file structure.cif (mmCIF, N, CA, C and O atoms)
data_model
#
loop_
_atom_site.group_PDB
_atom_site.id
_atom_site.type_symbol
_atom_site.label_atom_id
_atom_site.label_comp_id
_atom_site.auth_asym_id
_atom_site.auth_seq_id
_atom_site.Cartn_x
_atom_site.Cartn_y
_atom_site.Cartn_z
ATOM 1 N N GLY A 139 106.807 -115.663 -64.283
ATOM 2 C CA GLY A 139 105.497 -115.168 -63.847
ATOM 3 C C GLY A 139 105.027 -115.866 -62.586
ATOM 4 O O GLY A 139 105.765 -116.600 -61.941
ATOM 5 N N LEU A 140 103.810 -115.614 -62.265
ATOM 6 C CA LEU A 140 103.208 -116.221 -61.078
ATOM 7 C C LEU A 140 102.800 -117.659 -61.355
ATOM 8 O O LEU A 140 102.336 -117.976 -62.446
ATOM 9 N N THR A 141 102.964 -118.500 -60.352
ATOM 10 C CA THR A 141 102.465 -119.868 -60.498
ATOM 11 C C THR A 141 100.954 -119.830 -60.273
ATOM 12 O O THR A 141 100.480 -119.106 -59.397
ATOM 13 N N PRO A 142 100.196 -120.596 -61.060
ATOM 14 C CA PRO A 142 98.743 -120.574 -60.877
ATOM 15 C C PRO A 142 98.376 -121.129 -59.497
ATOM 16 O O PRO A 142 99.084 -121.981 -58.958
ATOM 17 N N PRO A 143 97.280 -120.625 -58.908
ATOM 18 C CA PRO A 143 96.905 -121.105 -57.575
ATOM 19 C C PRO A 143 96.588 -122.594 -57.593
ATOM 20 O O PRO A 143 96.034 -123.105 -58.568
ATOM 21 N N LYS A 144 96.980 -123.281 -56.541
ATOM 22 C CA LYS A 144 96.725 -124.709 -56.424
ATOM 23 C C LYS A 144 95.310 -124.898 -55.896
ATOM 24 O O LYS A 144 94.915 -124.260 -54.924
ATOM 25 N N LYS A 145 94.540 -125.734 -56.554
ATOM 26 C CA LYS A 145 93.175 -126.017 -56.096
ATOM 27 C C LYS A 145 93.256 -127.026 -54.949
ATOM 28 O O LYS A 145 93.661 -128.166 -55.142
ATOM 29 N N LEU A 146 92.884 -126.566 -53.754
ATOM 30 C CA LEU A 146 92.897 -127.451 -52.592
ATOM 31 C C LEU A 146 91.462 -127.757 -52.182
ATOM 32 O O LEU A 146 90.585 -126.911 -52.323
ATOM 33 N N THR A 147 91.259 -128.936 -51.642
ATOM 34 C CA THR A 147 89.950 -129.250 -51.075
ATOM 35 C C THR A 147 89.858 -128.524 -49.733
ATOM 36 O O THR A 147 90.855 -128.027 -49.218
ATOM 37 N N LEU A 148 88.677 -128.487 -49.169
ATOM 38 C CA LEU A 148 88.496 -127.858 -47.860
ATOM 39 C C LEU A 148 89.410 -128.517 -46.831
ATOM 40 O O LEU A 148 90.107 -127.844 -46.073
ATOM 41 N N GLU A 149 89.434 -129.838 -46.836
ATOM 42 C CA GLU A 149 90.263 -130.579 -45.881
ATOM 43 C C GLU A 149 91.747 -130.233 -46.054
ATOM 44 O O GLU A 149 92.445 -129.976 -45.081
ATOM 45 N N GLU A 150 92.223 -130.214 -47.304
ATOM 46 C CA GLU A 150 93.618 -129.869 -47.579
ATOM 47 C C GLU A 150 93.926 -128.444 -47.130
ATOM 48 O O GLU A 150 94.979 -128.180 -46.557
ATOM 49 N N SER A 151 92.985 -127.542 -47.370
ATOM 50 C CA SER A 151 93.167 -126.150 -46.975
ATOM 51 C C SER A 151 93.324 -126.012 -45.472
ATOM 52 O O SER A 151 94.180 -125.285 -44.992
ATOM 53 N N LEU A 152 92.489 -126.720 -44.736
ATOM 54 C CA LEU A 152 92.561 -126.660 -43.272
ATOM 55 C C LEU A 152 93.887 -127.205 -42.756
ATOM 56 O O LEU A 152 94.438 -126.686 -41.792
ATOM 57 N N GLU A 153 94.402 -128.245 -43.403
ATOM 58 C CA GLU A 153 95.694 -128.808 -43.011
ATOM 59 C C GLU A 153 96.840 -127.872 -43.395
ATOM 60 O O GLU A 153 97.826 -127.758 -42.682
ATOM 61 N N PHE A 154 96.705 -127.216 -44.535
ATOM 62 C CA PHE A 154 97.755 -126.382 -45.113
ATOM 63 C C PHE A 154 97.891 -125.026 -44.416
ATOM 64 O O PHE A 154 98.985 -124.483 -44.309
ATOM 65 N N ALA A 155 96.766 -124.486 -43.931
ATOM 66 C CA ALA A 155 96.755 -123.145 -43.335
ATOM 67 C C ALA A 155 97.613 -123.104 -42.071
ATOM 68 O O ALA A 155 97.580 -124.023 -41.259
ATOM 69 N N ARG A 156 98.377 -122.036 -41.950
ATOM 70 C CA ARG A 156 99.203 -121.852 -40.756
ATOM 71 C C ARG A 156 98.387 -121.238 -39.638
ATOM 72 O O ARG A 156 97.237 -120.862 -39.819
ATOM 73 N N GLU A 157 99.014 -121.087 -38.475
ATOM 74 C CA GLU A 157 98.364 -120.554 -37.277
ATOM 75 C C GLU A 157 97.808 -119.145 -37.498
ATOM 76 O O GLU A 157 96.772 -118.791 -36.943
ATOM 77 N N ASP A 158 98.521 -118.336 -38.302
ATOM 78 C CA ASP A 158 98.086 -116.948 -38.526
ATOM 79 C C ASP A 158 97.227 -116.787 -39.779
ATOM 80 O O ASP A 158 97.038 -115.683 -40.269
ATOM 81 N N GLU A 159 96.705 -117.898 -40.295
ATOM 82 C CA GLU A 159 95.876 -117.846 -41.494
ATOM 83 C C GLU A 159 94.488 -118.423 -41.221
ATOM 84 O O GLU A 159 94.306 -119.179 -40.270
ATOM 85 N N CYS A 160 93.544 -118.045 -42.058
ATOM 86 C CA CYS A 160 92.211 -118.633 -41.949
ATOM 87 C C CYS A 160 91.789 -119.151 -43.316
ATOM 88 O O CYS A 160 92.327 -118.751 -44.339
ATOM 89 N N VAL A 161 90.856 -120.085 -43.313
ATOM 90 C CA VAL A 161 90.323 -120.622 -44.567
ATOM 91 C C VAL A 161 89.003 -119.907 -44.817
ATOM 92 O O VAL A 161 88.106 -119.923 -43.980
ATOM 93 N N GLU A 162 88.931 -119.232 -45.959
ATOM 94 C CA GLU A 162 87.759 -118.456 -46.332
ATOM 95 C C GLU A 162 86.988 -119.252 -47.384
ATOM 96 O O GLU A 162 87.568 -119.658 -48.392
ATOM 97 N N ILE A 163 85.712 -119.485 -47.120
ATOM 98 C CA ILE A 163 84.911 -120.299 -48.038
ATOM 99 C C ILE A 163 83.783 -119.459 -48.619
ATOM 100 O O ILE A 163 83.000 -118.871 -47.880
ATOM 101 N N THR A 164 83.735 -119.396 -49.952
ATOM 102 C CA THR A 164 82.640 -118.724 -50.661
ATOM 103 C C THR A 164 82.040 -119.756 -51.611
ATOM 104 O O THR A 164 82.673 -120.793 -51.854
ATOM 105 N N PRO A 165 80.869 -119.476 -52.167
ATOM 106 C CA PRO A 165 80.325 -120.446 -53.136
ATOM 107 C C PRO A 165 81.275 -120.719 -54.316
ATOM 108 O O PRO A 165 81.277 -121.800 -54.868
ATOM 109 N N GLU A 166 82.090 -119.733 -54.677
ATOM 110 C CA GLU A 166 82.989 -119.887 -55.824
ATOM 111 C C GLU A 166 84.343 -120.498 -55.484
ATOM 112 O O GLU A 166 84.977 -121.093 -56.344
ATOM 113 N N ALA A 167 84.810 -120.304 -54.259
ATOM 114 C CA ALA A 167 86.199 -120.669 -53.984
ATOM 115 C C ALA A 167 86.467 -120.987 -52.520
ATOM 116 O O ALA A 167 85.708 -120.596 -51.640
ATOM 117 N N ILE A 168 87.550 -121.717 -52.313
ATOM 118 C CA ILE A 168 88.094 -121.945 -50.976
ATOM 119 C C ILE A 168 89.463 -121.292 -50.994
ATOM 120 O O ILE A 168 90.303 -121.623 -51.820
ATOM 121 N N ARG A 169 89.687 -120.321 -50.118
ATOM 122 C CA ARG A 169 90.955 -119.590 -50.094
ATOM 123 C C ARG A 169 91.575 -119.633 -48.712
ATOM 124 O O ARG A 169 90.869 -119.641 -47.716
ATOM 125 N N ILE A 170 92.895 -119.601 -48.709
ATOM 126 C CA ILE A 170 93.619 -119.437 -47.448
ATOM 127 C C ILE A 170 94.117 -118.003 -47.436
ATOM 128 O O ILE A 170 94.711 -117.538 -48.401
ATOM 129 N N ARG A 171 93.828 -117.280 -46.367
ATOM 130 C CA ARG A 171 94.332 -115.912 -46.267
ATOM 131 C C ARG A 171 94.796 -115.631 -44.852
ATOM 132 O O ARG A 171 94.435 -116.337 -43.921
ATOM 133 N N LYS A 172 95.607 -114.597 -44.730
ATOM 134 C CA LYS A 172 96.095 -114.197 -43.415
ATOM 135 C C LYS A 172 94.912 -113.682 -42.600
ATOM 136 O O LYS A 172 94.037 -112.996 -43.123
ATOM 137 N N VAL A 173 94.899 -113.987 -41.314
ATOM 138 C CA VAL A 173 93.851 -113.476 -40.434
ATOM 139 C C VAL A 173 93.977 -111.955 -40.367
ATOM 140 O O VAL A 173 92.998 -111.232 -40.495
ATOM 141 N N ILE A 174 95.215 -111.466 -40.186
ATOM 142 C CA ILE A 174 95.476 -110.026 -40.176
ATOM 143 C C ILE A 174 96.028 -109.680 -41.559
ATOM 144 O O ILE A 174 97.141 -110.074 -41.896
ATOM 145 N N LEU A 175 95.250 -108.945 -42.341
ATOM 146 C CA LEU A 175 95.630 -108.679 -43.733
ATOM 147 C C LEU A 175 96.761 -107.662 -43.867
ATOM 148 O O LEU A 175 97.598 -107.774 -44.739
ATOM 149 N N ASP A 176 96.811 -106.666 -42.991
ATOM 150 C CA ASP A 176 97.837 -105.632 -43.066
ATOM 151 C C ASP A 176 99.188 -106.174 -42.587
ATOM 152 O O ASP A 176 99.302 -106.668 -41.475
ATOM 153 N N ALA A 177 100.200 -106.091 -43.442
ATOM 154 C CA ALA A 177 101.525 -106.654 -43.126
ATOM 155 C C ALA A 177 102.145 -106.035 -41.873
ATOM 156 O O ALA A 177 102.774 -106.737 -41.075
ATOM 157 N N ASN A 178 101.981 -104.719 -41.685
ATOM 158 C CA ASN A 178 102.539 -104.059 -40.498
ATOM 159 C C ASN A 178 101.862 -104.537 -39.222
ATOM 160 O O ASN A 178 102.524 -104.797 -38.215
ATOM 161 N N GLU A 179 100.541 -104.647 -39.270
ATOM 162 C CA GLU A 179 99.790 -105.162 -38.117
ATOM 163 C C GLU A 179 100.210 -106.592 -37.809
ATOM 164 O O GLU A 179 100.312 -106.993 -36.661
ATOM 165 N N ARG A 180 100.442 -107.372 -38.865
ATOM 166 C CA ARG A 180 100.850 -108.760 -38.708
ATOM 167 C C ARG A 180 102.181 -108.857 -37.966
ATOM 168 O O ARG A 180 102.347 -109.684 -37.078
ATOM 169 N N LEU A 181 103.126 -107.994 -38.328
ATOM 170 C CA LEU A 181 104.428 -107.978 -37.659
ATOM 171 C C LEU A 181 104.273 -107.681 -36.167
ATOM 172 O O LEU A 181 104.882 -108.331 -35.331
ATOM 173 N N LYS A 182 103.433 -106.686 -35.853
ATOM 174 C CA LYS A 182 103.177 -106.327 -34.453
ATOM 175 C C LYS A 182 102.601 -107.518 -33.687
ATOM 176 O O LYS A 182 103.026 -107.829 -32.585
ATOM 177 N N ALA A 183 101.626 -108.181 -34.292
ATOM 178 C CA ALA A 183 100.975 -109.325 -33.648
ATOM 179 C C ALA A 183 101.974 -110.460 -33.416
ATOM 180 O O ALA A 183 101.960 -111.101 -32.368
ATOM 181 N N ASN A 184 102.862 -110.687 -34.392
ATOM 182 C CA ASN A 184 103.870 -111.740 -34.248
ATOM 183 C C ASN A 184 104.832 -111.427 -33.108
ATOM 184 O O ASN A 184 105.197 -112.313 -32.351
ATOM 185 N N ARG A 185 105.228 -110.159 -32.995
ATOM 186 C CA ARG A 185 106.138 -109.762 -31.914
ATOM 187 C C ARG A 185 105.475 -109.952 -30.561
ATOM 188 O O ARG A 185 106.083 -110.436 -29.627
ATOM 189 N N THR A 186 104.201 -109.560 -30.467
ATOM 190 C CA THR A 186 103.435 -109.698 -29.225
ATOM 191 C C THR A 186 103.335 -111.175 -28.843
ATOM 192 O O THR A 186 103.547 -111.535 -27.684
ATOM 193 N N ARG A 187 103.066 -112.030 -29.837
ATOM 194 C CA ARG A 187 102.913 -113.460 -29.570
ATOM 195 C C ARG A 187 104.252 -114.070 -29.147
ATOM 196 O O ARG A 187 104.296 -114.934 -28.277
ATOM 197 N N ALA A 188 105.346 -113.602 -29.728
ATOM 198 C CA ALA A 188 106.682 -114.145 -29.412
ATOM 199 C C ALA A 188 107.056 -113.866 -27.959
ATOM 200 O O ALA A 188 107.732 -114.660 -27.323
ATOM 201 N N LYS A 189 106.605 -112.733 -27.442
ATOM 202 C CA LYS A 189 106.920 -112.348 -26.043
ATOM 203 C C LYS A 189 106.181 -113.204 -25.031
ATOM 204 O O LYS A 189 106.695 -113.482 -23.961
ATOM 205 N N SER A 190 104.955 -113.596 -25.361
ATOM 206 C CA SER A 190 104.140 -114.344 -24.374
ATOM 207 C C SER A 190 104.520 -115.810 -24.289
ATOM 208 O O SER A 190 105.192 -116.372 -25.100
#
call {"tool": "encode", "arguments": {"input": "structure.cif", "output": "structure tokens"}}
result
Amino acid sequence: GLTPPKKLTLEESLEFAREDECVEITPEAIRIRKVILDANERLKANRTRAKS
């Protein structure tokens, strides 16, 4: 099955997040998510970044 999500502090989240991710903070949770949520759009953005 799925491994349960690891509880990270805000500081840990900021260190852990990659260049294409953002740290989303709500009163209930601190989450790391992709800046571009759509996988196809993400691929396009990565290709564009690789060229520059």
call {"tool": "resolve_selection", "arguments": {"input": "structure.cif", "expression": "the PyMOL selection byres (((chain A and resi 158 and name CA) around 12) and name CA)", "output": "ChimeraX atom specification"}}
result
/A:154-157,159-161,170-175,177,179-181,183-184,187
call {"tool": "write_last_selection", "arguments": {"input": "structure.cif", "atoms": "N, CA, C and O atoms", "output": "PDB file, keeping the file's coordinate frame"}}
result
ATOM      1  N   PHE A 154      96.705-127.216 -44.535  1.00  0.00           N
ATOM      2  CA  PHE A 154      97.755-126.382 -45.113  1.00  0.00           C
ATOM      3  C   PHE A 154      97.891-125.026 -44.416  1.00  0.00           C
ATOM      4  O   PHE A 154      98.985-124.483 -44.309  1.00  0.00           O
ATOM      5  N   ALA A 155      96.766-124.486 -43.931  1.00  0.00           N
ATOM      6  CA  ALA A 155      96.755-123.145 -43.335  1.00  0.00           C
ATOM      7  C   ALA A 155      97.613-123.104 -42.071  1.00  0.00           C
ATOM      8  O   ALA A 155      97.580-124.023 -41.259  1.00  0.00           O
ATOM      9  N   ARG A 156      98.377-122.036 -41.950  1.00  0.00           N
ATOM     10  CA  ARG A 156      99.203-121.852 -40.756  1.00  0.00           C
ATOM     11  C   ARG A 156      98.387-121.238 -39.638  1.00  0.00           C
ATOM     12  O   ARG A 156      97.237-120.862 -39.819  1.00  0.00           O
ATOM     13  N   GLU A 157      99.014-121.087 -38.475  1.00  0.00           N
ATOM     14  CA  GLU A 157      98.364-120.554 -37.277  1.00  0.00           C
ATOM     15  C   GLU A 157      97.808-119.145 -37.498  1.00  0.00           C
ATOM     16  O   GLU A 157      96.772-118.791 -36.943  1.00  0.00           O
ATOM     17  N   GLU A 159      96.705-117.898 -40.295  1.00  0.00           N
ATOM     18  CA  GLU A 159      95.876-117.846 -41.494  1.00  0.00           C
ATOM     19  C   GLU A 159      94.488-118.423 -41.221  1.00  0.00           C
ATOM     20  O   GLU A 159      94.306-119.179 -40.270  1.00  0.00           O
ATOM     21  N   CYS A 160      93.544-118.045 -42.058  1.00  0.00           N
ATOM     22  CA  CYS A 160      92.211-118.633 -41.949  1.00  0.00           C
ATOM     23  C   CYS A 160      91.789-119.151 -43.316  1.00  0.00           C
ATOM     24  O   CYS A 160      92.327-118.751 -44.339  1.00  0.00           O
ATOM     25  N   VAL A 161      90.856-120.085 -43.313  1.00  0.00           N
ATOM     26  CA  VAL A 161      90.323-120.622 -44.567  1.00  0.00           C
ATOM     27  C   VAL A 161      89.003-119.907 -44.817  1.00  0.00           C
ATOM     28  O   VAL A 161      88.106-119.923 -43.980  1.00  0.00           O
ATOM     29  N   ILE A 170      92.895-119.601 -48.709  1.00  0.00           N
ATOM     30  CA  ILE A 170      93.619-119.437 -47.448  1.00  0.00           C
ATOM     31  C   ILE A 170      94.117-118.003 -47.436  1.00  0.00           C
ATOM     32  O   ILE A 170      94.711-117.538 -48.401  1.00  0.00           O
ATOM     33  N   ARG A 171      93.828-117.280 -46.367  1.00  0.00           N
ATOM     34  CA  ARG A 171      94.332-115.912 -46.267  1.00  0.00           C
ATOM     35  C   ARG A 171      94.796-115.631 -44.852  1.00  0.00           C
ATOM     36  O   ARG A 171      94.435-116.337 -43.921  1.00  0.00           O
ATOM     37  N   LYS A 172      95.607-114.597 -44.730  1.00  0.00           N
ATOM     38  CA  LYS A 172      96.095-114.197 -43.415  1.00  0.00           C
ATOM     39  C   LYS A 172      94.912-113.682 -42.600  1.00  0.00           C
ATOM     40  O   LYS A 172      94.037-112.996 -43.123  1.00  0.00           O
ATOM     41  N   VAL A 173      94.899-113.987 -41.314  1.00  0.00           N
ATOM     42  CA  VAL A 173      93.851-113.476 -40.434  1.00  0.00           C
ATOM     43  C   VAL A 173      93.977-111.955 -40.367  1.00  0.00           C
ATOM     44  O   VAL A 173      92.998-111.232 -40.495  1.00  0.00           O
ATOM     45  N   ILE A 174      95.215-111.466 -40.186  1.00  0.00           N
ATOM     46  CA  ILE A 174      95.476-110.026 -40.176  1.00  0.00           C
ATOM     47  C   ILE A 174      96.028-109.680 -41.559  1.00  0.00           C
ATOM     48  O   ILE A 174      97.141-110.074 -41.896  1.00  0.00           O
ATOM     49  N   LEU A 175      95.250-108.945 -42.341  1.00  0.00           N
ATOM     50  CA  LEU A 175      95.630-108.679 -43.733  1.00  0.00           C
ATOM     51  C   LEU A 175      96.761-107.662 -43.867  1.00  0.00           C
ATOM     52  O   LEU A 175      97.598-107.774 -44.739  1.00  0.00           O
ATOM     53  N   ALA A 177     100.200-106.091 -43.442  1.00  0.00           N
ATOM     54  CA  ALA A 177     101.525-106.654 -43.126  1.00  0.00           C
ATOM     55  C   ALA A 177     102.145-106.035 -41.873  1.00  0.00           C
ATOM     56  O   ALA A 177     102.774-106.737 -41.075  1.00  0.00           O
ATOM     57  N   GLU A 179     100.541-104.647 -39.270  1.00  0.00           N
ATOM     58  CA  GLU A 179      99.790-105.162 -38.117  1.00  0.00           C
ATOM     59  C   GLU A 179     100.210-106.592 -37.809  1.00  0.00           C
ATOM     60  O   GLU A 179     100.312-106.993 -36.661  1.00  0.00           O
ATOM     61  N   ARG A 180     100.442-107.372 -38.865  1.00  0.00           N
ATOM     62  CA  ARG A 180     100.850-108.760 -38.708  1.00  0.00           C
ATOM     63  C   ARG A 180     102.181-108.857 -37.966  1.00  0.00           C
ATOM     64  O   ARG A 180     102.347-109.684 -37.078  1.00  0.00           O
ATOM     65  N   LEU A 181     103.126-107.994 -38.328  1.00  0.00           N
ATOM     66  CA  LEU A 181     104.428-107.978 -37.659  1.00  0.00           C
ATOM     67  C   LEU A 181     104.273-107.681 -36.167  1.00  0.00           C
ATOM     68  O   LEU A 181     104.882-108.331 -35.331  1.00  0.00           O
ATOM     69  N   ALA A 183     101.626-108.181 -34.292  1.00  0.00           N
ATOM     70  CA  ALA A 183     100.975-109.325 -33.648  1.00  0.00           C
ATOM     71  C   ALA A 183     101.974-110.460 -33.416  1.00  0.00           C
ATOM     72  O   ALA A 183     101.960-111.101 -32.368  1.00  0.00           O
ATOM     73  N   ASN A 184     102.862-110.687 -34.392  1.00  0.00           N
ATOM     74  CA  ASN A 184     103.870-111.740 -34.248  1.00  0.00           C
ATOM     75  C   ASN A 184     104.832-111.427 -33.108  1.00  0.00           C
ATOM     76  O   ASN A 184     105.197-112.313 -32.351  1.00  0.00           O
ATOM     77  N   ARG A 187     103.066-112.030 -29.837  1.00  0.00           N
ATOM     78  CA  ARG A 187     102.913-113.460 -29.570  1.00  0.00           C
ATOM     79  C   ARG A 187     104.252-114.070 -29.147  1.00  0.00           C
ATOM     80  O   ARG A 187     104.296-114.934 -28.277  1.00  0.00           O
TER      81      ARG A 187
END
call {"tool": "select_by_dssp", "arguments": {"input": "structure.cif", "residues": "chain A", "states": "alpha helix (DSSP H)", "output": "list in words"}}
result
Leu148, Glu149, Glu150, Ser151, Leu152, Glu153, Phe154, Ala177, Asn178, Glu179, Arg180, Leu181, Lys182, Ala183, Asn184, Arg185, Thr186, Arg187, Ala188 and Lys189 of chain A
call {"tool": "select_by_dssp", "arguments": {"input": "structure.cif", "residues": "chain A", "states": "strand (DSSP E)", "output": "ChimeraX atom specification"}}
result
/A:159-163,168-172
call {"tool": "atom_distance", "arguments": {"input": "structure.cif", "atom1": "atom O of Glu149 (chain A)", "atom2": "atom C of Ile163 (chain A)"}}
result
14.1 Å
call {"tool": "atom_distance", "arguments": {"input": "structure.cif", "atom1": "CA of Leu140 (chain A)", "atom2": "CA of Lys182 (chain A)"}}
result
28.4 Å
call {"tool": "atom_distance", "arguments": {"input": "structure.cif", "atom1": "CA of Glu150 (chain A)", "atom2": "atom O of Ile168 (chain A)"}}
result
9.8 Å
call {"tool": "build_atoms", "arguments": {"input": "structure.cif", "residues": "region 168-177 of chain A", "atoms": "all heavy atoms", "output": "compact mmCIF listing (two decimals), in the frame of the given file"}}
result
# COMPACT_ATOMS: atom_id res chain seq x y z
N ILE A 168 87.55 -121.72 -52.31
CA ILE A 168 88.09 -121.94 -50.98
C ILE A 168 89.46 -121.29 -50.99
O ILE A 168 90.30 -121.62 -51.82
CB ILE A 168 88.23 -123.45 -50.66
CG1 ILE A 168 86.85 -124.13 -50.68
CG2 ILE A 168 88.90 -123.66 -49.31
CD1 ILE A 168 86.91 -125.64 -50.61
N ARG A 169 89.69 -120.32 -50.12
CA ARG A 169 90.96 -119.59 -50.09
C ARG A 169 91.58 -119.63 -48.71
O ARG A 169 90.87 -119.64 -47.72
CB ARG A 169 90.73 -118.10 -50.39
CG ARG A 169 90.29 -117.77 -51.75
CD ARG A 169 90.26 -116.24 -51.90
NE ARG A 169 89.31 -115.87 -52.93
CZ ARG A 169 88.01 -115.66 -52.71
NH1 ARG A 169 87.51 -115.73 -51.50
NH2 ARG A 169 87.22 -115.37 -53.71
N ILE A 170 92.90 -119.60 -48.71
CA ILE A 170 93.62 -119.44 -47.45
C ILE A 170 94.12 -118.00 -47.44
O ILE A 170 94.71 -117.54 -48.40
CB ILE A 170 94.81 -120.41 -47.35
CG1 ILE A 170 94.30 -121.84 -47.36
CG2 ILE A 170 95.63 -120.12 -46.09
CD1 ILE A 170 95.40 -122.88 -47.43
N ARG A 171 93.83 -117.28 -46.37
CA ARG A 171 94.33 -115.91 -46.27
C ARG A 171 94.80 -115.63 -44.85
O ARG A 171 94.44 -116.34 -43.92
CB ARG A 171 93.28 -114.90 -46.71
CG ARG A 171 92.11 -114.73 -45.76
CD ARG A 171 91.32 -113.51 -46.17
NE ARG A 171 90.21 -113.24 -45.27
CZ ARG A 171 90.30 -112.58 -44.12
NH1 ARG A 171 91.45 -112.13 -43.70
NH2 ARG A 171 89.25 -112.37 -43.38
N LYS A 172 95.61 -114.60 -44.73
CA LYS A 172 96.10 -114.20 -43.42
C LYS A 172 94.91 -113.68 -42.60
O LYS A 172 94.04 -113.00 -43.12
CB LYS A 172 97.14 -113.08 -43.53
CG LYS A 172 98.42 -113.51 -44.21
CD LYS A 172 99.20 -114.46 -43.35
CE LYS A 172 100.54 -114.80 -43.97
NZ LYS A 172 101.25 -115.81 -43.19
N VAL A 173 94.90 -113.99 -41.31
CA VAL A 173 93.85 -113.48 -40.43
C VAL A 173 93.98 -111.96 -40.37
O VAL A 173 93.00 -111.23 -40.49
CB VAL A 173 93.97 -114.09 -39.01
CG1 VAL A 173 92.98 -113.44 -38.06
CG2 VAL A 173 93.72 -115.60 -39.08
N ILE A 174 95.22 -111.47 -40.19
CA ILE A 174 95.48 -110.03 -40.18
C ILE A 174 96.03 -109.68 -41.56
O ILE A 174 97.14 -110.07 -41.90
CB ILE A 174 96.49 -109.66 -39.06
CG1 ILE A 174 95.98 -110.12 -37.69
CG2 ILE A 174 96.75 -108.15 -39.06
CD1 ILE A 174 97.01 -110.05 -36.59
N LEU A 175 95.25 -108.94 -42.34
CA LEU A 175 95.63 -108.68 -43.73
C LEU A 175 96.76 -107.66 -43.87
O LEU A 175 97.60 -107.77 -44.74
CB LEU A 175 94.42 -108.22 -44.54
CG LEU A 175 93.32 -109.27 -44.73
CD1 LEU A 175 92.16 -108.69 -45.50
CD2 LEU A 175 93.86 -110.50 -45.43
N ASP A 176 96.81 -106.67 -42.99
CA ASP A 176 97.84 -105.63 -43.07
C ASP A 176 99.19 -106.17 -42.59
O ASP A 176 99.30 -106.67 -41.48
CB ASP A 176 97.41 -104.43 -42.21
CG ASP A 176 98.38 -103.29 -42.32
OD1 ASP A 176 98.23 -102.45 -43.23
OD2 ASP A 176 99.32 -103.24 -41.50
N ALA A 177 100.20 -106.09 -43.44
CA ALA A 177 101.52 -106.65 -43.13
C ALA A 177 102.14 -106.04 -41.87
O ALA A 177 102.77 -106.74 -41.08
CB ALA A 177 102.45 -106.48 -44.31
